[in-house]
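**Q** Structure supplied as start-v4.cif; contents: mmCIF, C-alpha atoms.
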data_work
loop_
_atom_site.label_atom_id
_atom_site.label_comp_id
_atom_site.auth_asym_id
_atom_site.auth_seq_id
_atom_site.Cartn_x
_atom_site.Cartn_y
_atom_site.Cartn_z
CA MET A 67 1.71 -177.39 19.60
CA GLN A 68 2.13 -177.15 15.85
CA SER A 69 0.59 -180.61 15.53
CA ALA A 70 -2.43 -179.42 17.55
CA LEU A 71 -2.78 -176.37 15.28
CA ASP A 72 -2.65 -178.69 12.28
CA GLN A 73 -5.44 -180.78 13.78
CA ALA A 74 -7.58 -177.66 14.18
CA THR A 75 -7.49 -177.01 10.43
CA PHE A 76 -9.51 -180.21 9.91
CA ALA A 77 -12.34 -178.67 11.95
CA LEU A 78 -12.53 -175.33 10.12
CA GLY A 79 -16.03 -174.75 8.79
CA ARG A 80 -17.60 -177.79 10.44
CA THR A 81 -18.11 -176.94 14.11
CA SER A 82 -20.29 -173.82 14.35
CA PRO A 83 -21.30 -172.49 16.73
CA ASN A 84 -18.46 -174.26 18.53
CA PRO A 85 -14.86 -173.21 17.81
CA PRO A 86 -12.56 -175.30 15.60
CA VAL A 87 -9.98 -176.73 18.00
CA GLY A 88 -7.14 -179.22 17.71
CA ALA A 89 -5.43 -181.31 20.37
CA VAL A 90 -2.66 -183.89 20.66
CA VAL A 91 -1.55 -186.15 23.53
CA VAL A 92 2.19 -186.63 23.96
CA GLN A 93 3.75 -189.45 25.99
CA ALA A 94 7.55 -189.75 26.33
CA GLY A 95 8.10 -187.35 23.44
CA ALA A 96 5.79 -189.17 21.00
CA ILE A 97 2.27 -188.24 19.88
CA VAL A 98 -0.07 -190.99 21.06
CA GLY A 99 -3.41 -189.29 20.44
CA ARG A 100 -4.82 -186.73 18.01
CA GLY A 101 -8.17 -185.04 17.59
CA TRP A 102 -10.17 -182.10 16.39
CA THR A 103 -13.59 -180.79 17.39
CA GLN A 104 -16.49 -182.68 15.85
CA PRO A 105 -19.76 -181.10 14.62
CA PRO A 106 -22.14 -179.74 17.31
CA GLY A 107 -23.17 -182.41 19.76
CA GLY A 108 -20.03 -184.42 19.07
CA PRO A 109 -16.91 -184.54 21.25
CA HIS A 110 -14.49 -181.65 21.52
CA ALA A 111 -10.90 -181.95 20.33
CA GLU A 112 -9.53 -182.83 23.77
CA ILE A 113 -11.96 -185.71 24.17
CA VAL A 114 -11.16 -187.13 20.72
CA ALA A 115 -7.43 -186.94 21.43
CA LEU A 116 -7.78 -188.55 24.85
CA GLN A 117 -9.93 -191.35 23.44
CA SER A 118 -7.35 -191.89 20.72
CA ALA A 119 -4.57 -192.13 23.32
CA GLY A 120 -6.46 -194.46 25.65
CA GLU A 121 -4.43 -195.54 28.68
CA LEU A 122 -1.37 -193.80 27.24
CA ALA A 123 -2.97 -190.49 28.26
CA ARG A 124 -2.17 -191.20 31.93
CA GLY A 125 0.85 -189.13 32.92
CA ALA A 126 1.02 -187.59 29.44
CA ASP A 127 1.03 -184.01 28.17
CA LEU A 128 -1.98 -182.55 26.36
CA TYR A 129 -1.51 -179.76 23.81
CA VAL A 130 -4.70 -177.90 22.86
CA THR A 131 -5.26 -174.81 20.70
CA LEU A 132 -8.04 -173.33 22.85
CA GLU A 133 -8.57 -173.33 26.59
CA PRO A 134 -10.59 -176.43 27.56
CA CYS A 135 -14.20 -175.73 28.48
CA THR A 136 -15.25 -175.77 32.13
CA ILE A 137 -19.02 -175.70 31.68
CA HIS A 138 -21.80 -178.06 30.61
CA GLY A 139 -23.11 -177.34 27.11
CA ARG A 140 -24.08 -179.96 24.56
CA THR A 141 -21.27 -182.01 26.13
CA PRO A 142 -19.74 -182.21 29.64
CA PRO A 143 -16.75 -180.00 30.57
CA CYS A 144 -13.51 -181.07 28.92
CA THR A 145 -11.63 -180.31 32.13
CA GLU A 146 -13.43 -183.21 33.81
CA ALA A 147 -12.27 -185.64 31.13
CA ILE A 148 -8.70 -184.31 31.29
CA ILE A 149 -8.56 -184.84 35.04
CA ALA A 150 -10.17 -188.28 34.83
CA ALA A 151 -7.66 -189.38 32.16
CA GLY A 152 -4.76 -188.63 34.48
CA VAL A 153 -3.07 -186.07 32.21
CA ARG A 154 0.05 -184.63 33.87
CA ARG A 155 0.41 -181.32 32.02
CA VAL A 156 -1.75 -179.21 29.70
CA PHE A 157 -0.32 -176.70 27.23
CA ILE A 158 -2.82 -174.12 25.92
CA ALA A 159 -2.36 -171.89 22.86
CA SER A 160 -5.16 -169.37 23.52
CA ARG A 161 -7.76 -168.46 26.10
CA ASP A 162 -11.48 -168.97 25.53
CA PRO A 163 -13.42 -165.65 25.56
CA ASN A 164 -16.74 -167.36 26.38
CA PRO A 165 -18.41 -165.06 28.93
CA ARG A 166 -20.27 -168.06 30.42
CA PHE A 167 -17.05 -169.37 31.94
CA GLU A 168 -17.19 -168.71 35.68
CA ARG A 169 -13.84 -170.43 36.23
CA ASP A 170 -10.97 -170.63 33.75
CA ALA A 171 -9.47 -173.98 32.82
CA ALA A 172 -6.11 -173.27 34.42
CA THR A 173 -7.73 -172.75 37.82
CA VAL A 174 -9.87 -175.89 37.55
CA LEU A 175 -7.03 -178.09 36.35
CA ALA A 176 -4.48 -176.74 38.82
CA ALA A 177 -6.87 -177.46 41.69
CA ALA A 178 -6.82 -181.09 40.58
CA GLY A 179 -3.04 -181.24 40.43
CA VAL A 180 -2.66 -180.80 36.67
CA GLU A 181 0.13 -178.47 35.56
CA VAL A 182 -0.96 -175.79 33.08
CA ALA A 183 1.14 -173.61 30.78
CA PHE A 184 0.26 -171.19 27.98
CA ASP A 185 2.10 -171.04 24.66
CA PRO A 186 2.26 -167.37 23.56
CA ALA A 187 4.13 -168.25 20.36
CA ALA A 188 1.16 -170.29 19.13
CA GLU A 189 -1.48 -167.82 20.29
CA PRO A 190 -1.73 -165.65 17.10
CA ILE A 191 -2.47 -168.64 14.85
CA ALA A 192 -4.89 -170.15 17.38
CA ILE A 193 -6.77 -166.85 17.62
CA GLN A 194 -6.99 -166.59 13.84
CA GLN A 195 -8.38 -170.12 13.61
CA THR A 196 -11.13 -169.22 16.07
CA GLU A 197 -11.74 -165.60 15.03
CA ALA A 198 -15.32 -166.25 13.90
CA PHE A 199 -16.20 -167.99 17.15
CA ARG A 200 -14.62 -165.17 19.16
CA ARG A 201 -16.74 -162.53 17.43
CA TRP A 202 -19.93 -164.58 17.80
CA ILE A 203 -19.49 -165.66 21.42
CA THR A 204 -18.80 -162.09 22.61
CA THR A 205 -21.29 -160.15 20.44
CA ARG A 206 -23.76 -162.81 19.27
CA ARG A 207 -23.32 -161.68 15.69
CA PRO A 208 -21.33 -163.39 12.92
CA PHE A 209 -17.77 -162.54 11.94
CA VAL A 210 -18.15 -160.57 8.69
CA ILE A 211 -15.67 -161.24 5.88
CA VAL A 212 -15.89 -159.03 2.79
CA LYS A 213 -14.33 -160.40 -0.37
CA TYR A 214 -13.87 -158.86 -3.81
CA ALA A 215 -11.58 -159.19 -6.83
CA MET A 216 -10.32 -156.21 -8.79
CA THR A 217 -7.78 -155.16 -11.39
CA LEU A 218 -4.70 -153.01 -10.80
CA ASP A 219 -6.79 -149.93 -11.56
CA GLY A 220 -9.46 -150.90 -9.04
CA LYS A 221 -12.15 -152.26 -11.38
CA ILE A 222 -14.33 -155.30 -10.74
CA ALA A 223 -15.59 -155.45 -14.34
CA ALA A 224 -15.18 -153.79 -17.71
CA ARG A 225 -17.34 -150.82 -18.71
CA THR A 226 -19.81 -153.31 -20.23
CA ASN A 227 -20.06 -155.03 -16.81
CA ASP A 228 -18.30 -158.10 -18.20
CA ALA A 229 -16.45 -159.65 -15.24
CA ARG A 230 -15.51 -163.19 -16.31
CA TRP A 231 -12.92 -163.48 -15.13
CA VAL A 232 -11.04 -160.83 -13.18
CA THR A 233 -8.72 -163.31 -11.47
CA GLY A 234 -7.22 -166.62 -12.51
CA PRO A 235 -8.26 -170.17 -11.60
CA ILE A 236 -6.04 -170.47 -8.51
CA ALA A 237 -7.55 -167.37 -6.91
CA ARG A 238 -11.07 -168.46 -7.81
CA GLN A 239 -10.41 -171.86 -6.27
CA ALA A 240 -9.31 -170.12 -3.07
CA VAL A 241 -12.74 -168.46 -2.93
CA HIS A 242 -14.46 -171.84 -3.07
CA GLU A 243 -12.20 -173.10 -0.28
CA LEU A 244 -13.25 -170.04 1.72
CA ARG A 245 -16.92 -170.83 1.11
CA ASP A 246 -16.26 -174.37 2.34
CA ARG A 247 -15.18 -172.90 5.71
CA THR A 248 -17.97 -170.32 6.04
CA ASP A 249 -21.46 -170.59 7.54
CA ALA A 250 -23.25 -168.15 5.22
CA ILE A 251 -22.61 -166.17 2.04
CA LEU A 252 -24.36 -162.92 1.11
CA VAL A 253 -24.98 -160.93 -2.07
CA GLY A 254 -27.36 -158.18 -3.07
CA VAL A 255 -30.15 -158.52 -5.59
CA GLY A 256 -28.10 -156.43 -8.02
CA THR A 257 -25.55 -159.23 -8.19
CA VAL A 258 -28.33 -161.77 -8.71
CA LEU A 259 -29.76 -159.77 -11.60
CA ALA A 260 -26.39 -159.02 -13.21
CA ASP A 261 -24.54 -162.33 -12.75
CA ASP A 262 -27.18 -164.91 -11.73
CA PRO A 263 -24.64 -166.78 -9.55
CA LEU A 264 -25.09 -170.20 -7.99
CA LEU A 265 -23.03 -169.37 -4.88
CA THR A 266 -22.28 -173.04 -4.35
CA THR A 267 -18.97 -174.57 -3.30
CA ARG A 268 -17.12 -176.29 -6.12
CA ILE A 269 -13.83 -178.00 -5.21
CA ASP A 270 -12.47 -180.88 -7.27
CA ASN A 271 -11.06 -183.86 -5.35
CA HIS A 272 -11.66 -182.25 -1.97
CA TRP A 273 -10.47 -184.22 1.06
CA ARG A 274 -13.91 -183.98 2.67
CA PRO A 275 -17.49 -183.49 1.42
CA VAL A 276 -17.86 -179.85 0.45
CA ARG A 277 -20.06 -177.52 2.43
CA HIS A 278 -22.52 -175.19 0.72
CA PRO A 279 -23.00 -172.21 3.04
CA LEU A 280 -26.42 -170.71 3.55
CA ARG A 281 -27.01 -168.31 0.66
CA ILE A 282 -28.50 -164.93 1.58
CA ILE A 283 -29.92 -162.45 -0.91
CA LEU A 284 -30.52 -158.88 0.25
CA ASP A 285 -33.55 -157.71 -1.71
CA SER A 286 -35.40 -154.80 -0.11
CA ARG A 287 -38.06 -154.35 -2.79
CA GLY A 288 -38.58 -157.90 -4.06
CA ARG A 289 -36.80 -157.96 -7.41
CA THR A 290 -35.28 -161.45 -7.27
CA PRO A 291 -36.82 -163.50 -10.12
CA LEU A 292 -38.12 -166.98 -9.44
CA SER A 293 -35.91 -168.13 -12.30
CA ALA A 294 -32.71 -167.17 -10.43
CA ALA A 295 -30.16 -169.98 -10.65
CA MET A 296 -29.65 -170.37 -6.92
CA LEU A 297 -33.41 -170.81 -6.36
CA GLN A 298 -33.72 -173.88 -8.54
CA PRO A 299 -34.57 -177.17 -6.77
CA ASP A 300 -31.52 -179.06 -8.05
CA VAL A 301 -29.04 -176.58 -6.53
CA PRO A 302 -27.49 -177.93 -3.32
CA GLY A 303 -27.76 -175.94 -0.11
CA ARG A 304 -30.36 -173.46 1.14
CA THR A 305 -31.23 -169.91 0.12
CA LEU A 306 -32.70 -167.20 2.34
CA ILE A 307 -34.06 -163.93 0.96
CA ALA A 308 -33.89 -160.98 3.36
CA THR A 309 -36.40 -158.32 2.39
CA THR A 310 -38.58 -155.53 3.78
CA ALA A 311 -42.24 -154.52 3.75
CA ALA A 312 -41.53 -152.75 0.46
CA SER A 313 -41.74 -156.14 -1.28
CA THR A 314 -45.17 -157.48 -2.13
CA PRO A 315 -46.83 -160.32 -0.20
CA GLU A 316 -47.44 -162.08 -3.53
CA TRP A 317 -43.73 -162.08 -4.38
CA ARG A 318 -42.80 -163.34 -0.92
CA ALA A 319 -45.34 -166.16 -1.13
CA ALA A 320 -44.13 -167.16 -4.59
CA LEU A 321 -40.62 -167.80 -3.24
CA ASP A 322 -41.83 -170.82 -1.25
CA PRO A 323 -40.16 -173.20 -0.29
CA HIS A 324 -37.26 -170.77 0.14
CA GLU A 325 -37.26 -168.87 3.41
CA VAL A 326 -38.14 -165.18 3.29
CA LEU A 327 -36.98 -163.06 6.21
CA LEU A 328 -38.90 -159.80 6.66
CA LEU A 329 -36.68 -157.18 8.31
CA PRO A 330 -36.90 -153.46 9.15
CA THR A 331 -35.27 -150.87 6.92
CA ASN A 332 -32.46 -148.44 7.52
CA ASP A 333 -32.73 -144.71 6.79
CA GLU A 334 -32.25 -145.41 3.07
CA GLY A 335 -35.09 -147.92 2.86
CA ARG A 336 -32.78 -150.92 2.60
CA VAL A 337 -32.54 -154.02 4.78
CA ASP A 338 -31.08 -152.98 8.12
CA LEU A 339 -27.74 -154.77 8.35
CA HIS A 340 -27.47 -154.59 12.13
CA THR A 341 -30.81 -156.37 12.54
CA LEU A 342 -29.82 -158.94 9.93
CA LEU A 343 -26.58 -159.78 11.75
CA ILE A 344 -28.41 -160.17 15.06
CA GLU A 345 -30.88 -162.55 13.40
CA LEU A 346 -28.06 -164.60 11.87
CA GLY A 347 -26.25 -164.75 15.20
CA GLN A 348 -29.37 -166.10 16.86
CA ARG A 349 -29.32 -168.88 14.27
CA ASP A 350 -25.79 -169.88 15.37
CA ILE A 351 -24.22 -168.51 12.20
CA THR A 352 -20.74 -167.47 13.29
CA SER A 353 -19.24 -166.41 9.95
CA LEU A 354 -20.67 -164.46 7.01
CA LEU A 355 -18.93 -164.01 3.65
CA VAL A 356 -20.06 -160.89 1.77
CA GLU A 357 -19.34 -161.16 -1.95
CA GLY A 358 -21.06 -158.04 -3.26
CA GLY A 359 -22.16 -156.08 -5.02
CA SER A 360 -20.59 -152.68 -4.54
CA GLU A 361 -23.59 -151.08 -2.81
CA ILE A 362 -23.83 -153.96 -0.35
CA ILE A 363 -20.13 -153.73 0.45
CA ALA A 364 -20.50 -149.96 0.87
CA GLY A 365 -23.23 -150.60 3.44
CA PHE A 366 -20.92 -152.79 5.50
CA VAL A 367 -18.10 -150.25 5.19
CA GLU A 368 -20.30 -147.32 6.24
CA THR A 369 -21.70 -149.18 9.26
CA ARG A 370 -18.22 -150.39 10.29
CA MET A 371 -19.40 -154.00 10.38
CA ILE A 372 -16.47 -155.55 8.51
CA ASP A 373 -14.25 -157.83 10.59
CA LYS A 374 -11.94 -158.95 7.79
CA LEU A 375 -11.40 -157.85 4.20
CA LEU A 376 -9.98 -160.06 1.44
CA THR A 377 -8.90 -158.24 -1.71
CA PHE A 378 -7.84 -160.25 -4.75
CA ILE A 379 -5.82 -158.16 -7.20
CA ALA A 380 -5.29 -159.26 -10.80
CA PRO A 381 -2.36 -157.84 -12.85
CA LYS A 382 -4.70 -156.25 -15.38
CA ILE A 383 -5.84 -152.76 -16.32
CA VAL A 384 -9.24 -152.32 -17.97
CA GLY A 385 -9.63 -148.54 -17.70
CA GLY A 386 -12.85 -146.69 -18.28
CA ALA A 387 -14.38 -144.02 -16.08
CA GLY A 388 -17.66 -145.94 -16.10
CA ALA A 389 -16.20 -149.33 -15.18
CA PRO A 390 -17.45 -150.38 -11.72
CA SER A 391 -15.29 -150.45 -8.60
CA PRO A 392 -15.62 -152.72 -5.55
CA VAL A 393 -17.21 -150.22 -3.17
CA GLY A 394 -20.16 -148.02 -4.12
CA GLY A 395 -22.23 -145.68 -2.00
CA ALA A 396 -21.77 -141.95 -1.61
CA GLY A 397 -18.28 -142.32 -0.17
CA VAL A 398 -16.58 -139.96 2.26
CA ALA A 399 -15.92 -136.29 1.56
CA ARG A 400 -12.51 -136.21 3.23
CA MET A 401 -9.65 -138.69 3.15
CA ALA A 402 -9.38 -138.33 6.92
CA ASP A 403 -12.81 -139.96 7.22
CA ALA A 404 -11.92 -143.06 5.22
CA ALA A 405 -12.33 -146.47 6.87
CA GLN A 406 -8.85 -147.63 7.81
CA PHE A 407 -7.44 -151.14 7.78
CA ALA A 408 -4.22 -152.86 8.80
CA LEU A 409 -2.47 -155.17 6.34
CA ARG A 410 -2.08 -158.64 7.82
CA SER A 411 -0.70 -160.65 4.91
CA VAL A 412 0.02 -160.73 1.17
CA GLU A 413 -0.19 -164.03 -0.69
CA GLN A 414 0.47 -164.81 -4.33
CA LEU A 415 -2.10 -167.07 -5.97
CA GLY A 416 -0.91 -167.79 -9.47
CA ALA A 417 -0.66 -164.45 -11.23
CA ASP A 418 -2.88 -162.73 -8.65
CA LEU A 419 -2.33 -161.32 -5.17
CA LEU A 420 -4.50 -161.76 -2.09
CA LEU A 421 -4.37 -158.97 0.49
CA THR A 422 -5.81 -159.79 3.92
CA VAL A 423 -6.59 -156.77 6.08
CA TYR A 424 -8.38 -156.12 9.36
CA PRO A 425 -10.14 -152.91 10.41
CA LEU A 426 -8.44 -150.45 12.72
CA ARG A 427 -11.00 -149.77 15.42
CA ASP A 428 -11.55 -149.73 19.13
CA GLU A 429 -12.63 -153.23 20.18
CA GLY A 430 -13.66 -152.07 23.66
#
Write the structure described by the file as structure tokens, please.
**A**
Amino acid sequence: MQSALDQATFALGRTSPNPPVGAVVVQAGAIVGRGWTQPPGGPHAEIVALQSAGELARGADLYVTLEPCTIHGRTPPCTEAIIAAGVRRVFIASRDPNPRFERDAATVLAAAGVEVAFDPAAEPIAIQQTEAFRRWITTRRPFVIVKYAMTLDGKIAARTNDARWVTGPIARQAVHELRDRTDAILVGVGTVLADDPLLTTRIDNHWRPVRHPLRIILDSRGRTPLSAAMLQPDVPGRTLIATTAASTPEWRAALDPHEVLLLPTNDEGRVDLHTLLIELGQRDITSLLVEGGSEIIAGFVETRMIDKLLTFIAPKIVGGAGAPSPVGGAGVARMADAAQFALRSVEQLGADLLLTVYPLRDEG
């Protein structure tokens, strides 16, 4: 199963709205076929692995990281191909939460004489690999990842707003690798005005062509200048500006050819995040990386829309009561009301640390 999980990593960031899945075919103790899910419209991991194995798939074992599909979508059900190939046994790492499934794969395969077993030891990794798909397929909104870098004293910049660089090159490279696996990336207009970022993916000697996620600017009142770096025609990828009726029609028209999405406001007159996420989900965007600024992050914290939080911590202290921190907003009045998270992992990246946490909340 580990080999199947390894195959799935090749699909990360390239299959939306389908899940990134890996599969291997084993005959007489040897791997005779490998595969991972191809971009939408292409074959799923099981099909690629079976095609790779050819006739050696007959009587073999199939290991797959996600329950094979049993319904017609862009492609036929994978269970049909598994049965037709004459596979003897199927080992599954995790179940598929797709609510469209009327029958699970184990039932379909068992009815055709194929043995099925689940691998609980591999399930946590398989679920993590497909966490964005799982959020999208059950809620039709993207999996929201919030990322920020800060110093030991919780600052994202010096008191002068100088922020280059909080973390070292290894941590910054990890952010670009994250962008390469994400469907969309979001910042507020404050970040555009302060930093003028490109929000592109820059990875030297990458093993595959890099992916530039859809760039989204939240700009309720229409302050993004036409000279912004990410709006220039030579910048790869697309940019979408989410705004409200508070922006002028002239400003919105001047942004052409970039897409402008007019959305309702929340009680504070800002872009309503819930409506934005629904719109992105309808566009088959399964993952959204929020990179700031502090008021935008505060909005996601206050609305409890964060699915995963990545905190990069640099071994530095800048001090200063006026130096900015990662999360703005009014904040809570009592510690008991603070948003709570569970620590999943701690990773050292050069001199910096990466903390990965998930929210503590009722998923029902």
**Q** Could you expand the PyMOL selection byres ((chain A and resi 86) around 10) into the explicit residues it covers here, written as an mmCIF file with C-alpha atoms, in the frame of the given file?
**A**
data_model
loop_
_atom_site.group_PDB
_atom_site.id
_atom_site.type_symbol
_atom_site.label_atom_id
_atom_site.label_comp_id
_atom_site.auth_asym_id
_atom_site.auth_seq_id
_atom_site.Cartn_x
_atom_site.Cartn_y
_atom_site.Cartn_z
ATOM 1 C CA LEU A 71 -2.780 -176.370 15.280
ATOM 2 C CA GLN A 73 -5.440 -180.780 13.780
ATOM 3 C CA ALA A 74 -7.580 -177.660 14.180
ATOM 4 C CA THR A 75 -7.490 -177.010 10.430
ATOM 5 C CA PHE A 76 -9.510 -180.210 9.910
ATOM 6 C CA ALA A 77 -12.340 -178.670 11.950
ATOM 7 C CA LEU A 78 -12.530 -175.330 10.120
ATOM 8 C CA GLY A 79 -16.030 -174.750 8.790
ATOM 9 C CA ARG A 80 -17.600 -177.790 10.440
ATOM 10 C CA THR A 81 -18.110 -176.940 14.110
ATOM 11 C CA SER A 82 -20.290 -173.820 14.350
ATOM 12 C CA PRO A 83 -21.300 -172.490 16.730
ATOM 13 C CA ASN A 84 -18.460 -174.260 18.530
ATOM 14 C CA PRO A 85 -14.860 -173.210 17.810
ATOM 15 C CA VAL A 87 -9.980 -176.730 18.000
ATOM 16 C CA GLY A 88 -7.140 -179.220 17.710
ATOM 17 C CA TRP A 102 -10.170 -182.100 16.390
ATOM 18 C CA THR A 103 -13.590 -180.790 17.390
ATOM 19 C CA GLN A 104 -16.490 -182.680 15.850
ATOM 20 C CA PRO A 105 -19.760 -181.100 14.620
ATOM 21 C CA HIS A 110 -14.490 -181.650 21.520
ATOM 22 C CA ALA A 111 -10.900 -181.950 20.330
ATOM 23 C CA THR A 131 -5.260 -174.810 20.700
ATOM 24 C CA LEU A 132 -8.040 -173.330 22.850
ATOM 25 C CA ALA A 192 -4.890 -170.150 17.380
ATOM 26 C CA GLN A 195 -8.380 -170.120 13.610
ATOM 27 C CA THR A 196 -11.130 -169.220 16.070
ATOM 28 C CA GLU A 197 -11.740 -165.600 15.030
ATOM 29 C CA ALA A 198 -15.320 -166.250 13.900
ATOM 30 C CA PHE A 199 -16.200 -167.990 17.150
#
**Q** Residues at most 12 Å from Cys144 of chain A, counting only C-alpha atoms, excluding those fewer than 6 positions away in the same chain, as a VMD selection string?
**A** chain A and resid 89 103 109 to 116 128 130 132 to 138 150 to 151 156 170 to 171 174 to 175
**Q** Which residues fall under the PyMOL selection byres ((chain A and resi 305-313) around 9) in this file, as a PyMOL selection string?
**A** chain A and resi 280-290+296-297+303-304+314-318+321+324-331+335-337+342
**Q** For the atom pair atom CA of Leu409 of chain A and atom CA of Thr422 of chain A, what is the interatomic distance in Å to one decimal place?
**A**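 Calculated distance between atom CA of Leu409 of chain A and atom CA of Thr422 of chain A is 6.2 Å.
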**Q** Give me the residues near Pro186 of chain A as a ChimeraX atom specification, where near means some atom within 12 Å (using only C-alpha atoms) and where sequence neighbours in that chain fewer than 2 positions away do not count.
**A** /A:67,131-132,157-161,183-184,188-193
**Q** Please expand the PyMOL selection byres ((chain A and resi 356-359) around 7) into the concrete residues it hits in this file, giving the result as a list in words.
**A**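 What the PyMOL selection byres ((chain A and resi 356-359) around 7) grabs from the file is Ile211, Val212, Lys213, Tyr214, Ile251, Leu252, Val253, Gly254, Gly256, Thr257, Leu354, Leu355, Ser360, Glu361, Ile362 and Ile363 of chain A.
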**Q** Name all residues at most 6 Å from Ser353 of chain A (count only C-alpha atoms; drop same-chain ones fewer than 2 positions away) and give them as an MDAnalysis selection string.
**A** chainID A and resid 198 208:209 248:249 351
**Q** List every protein, DNA or RNA residue with an atom no more than 8 Å from (-13.7, -164.9, -11.0) in the file's coordinates, counting only C-alpha atoms, and format the result as a PyMOL selection string.
**A** chain A and resi 215+229-235+237-238
**Q** In Å to one decimal, how far is atom CA of Met216 of chain A from atom CA of Gln414 of chain A?
**A**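 The value is 14.5 Å.
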**Q** When you draw a straight line from atom CA of Glu146 of chain A to atom CA of Ala119 of chain A, how long is it in Å?
**A**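 Going from atom CA of Glu146 of chain A over to atom CA of Ala119 of chain A covers 16.4 Å.
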**Q** Check the smallest atom-to-atom distance from each of A:Gly95, A:Gly139, A:Pro163, A:Pro392 to Gly108 of chain A using all atoms listed in the file, then report the winner.
**A**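 Comparing A:Gly95, A:Gly139, A:Pro163, A:Pro392 against Gly108 of chain A, the winner is A:Gly139.
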**Q** Might I get the box with edges along x, y and z of the file that holds all atoms of segment 353-371 of chain A listed there, padded by 8 Å on every side, given as centre and edge lengths in Å to one decimal, as lines of an AutoDock Vina configuration file?
**A**
center_x = -21.0
center_y = -156.9
center_z = 2.7
size_x = 21.7
size_y = 35.1
size_z = 31.4
**Q** Using only C-alpha atoms, which residues sit within 12 Å of Ala176 of chain A once same-chain residues fewer than 6 positions away are excluded, as a PyMOL selection string?
**A** chain A and resi 145+148-149+153-156+169-170+182-183
**Q** Using only C-alpha atoms, can you tell me which of A:Ala123, A:Ala70, A:Leu218, A:Leu339 comes closest to Asp418 of chain A?
**A**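 Looking at the shortest contact to Asp418 of chain A, the residue is A:Leu218.
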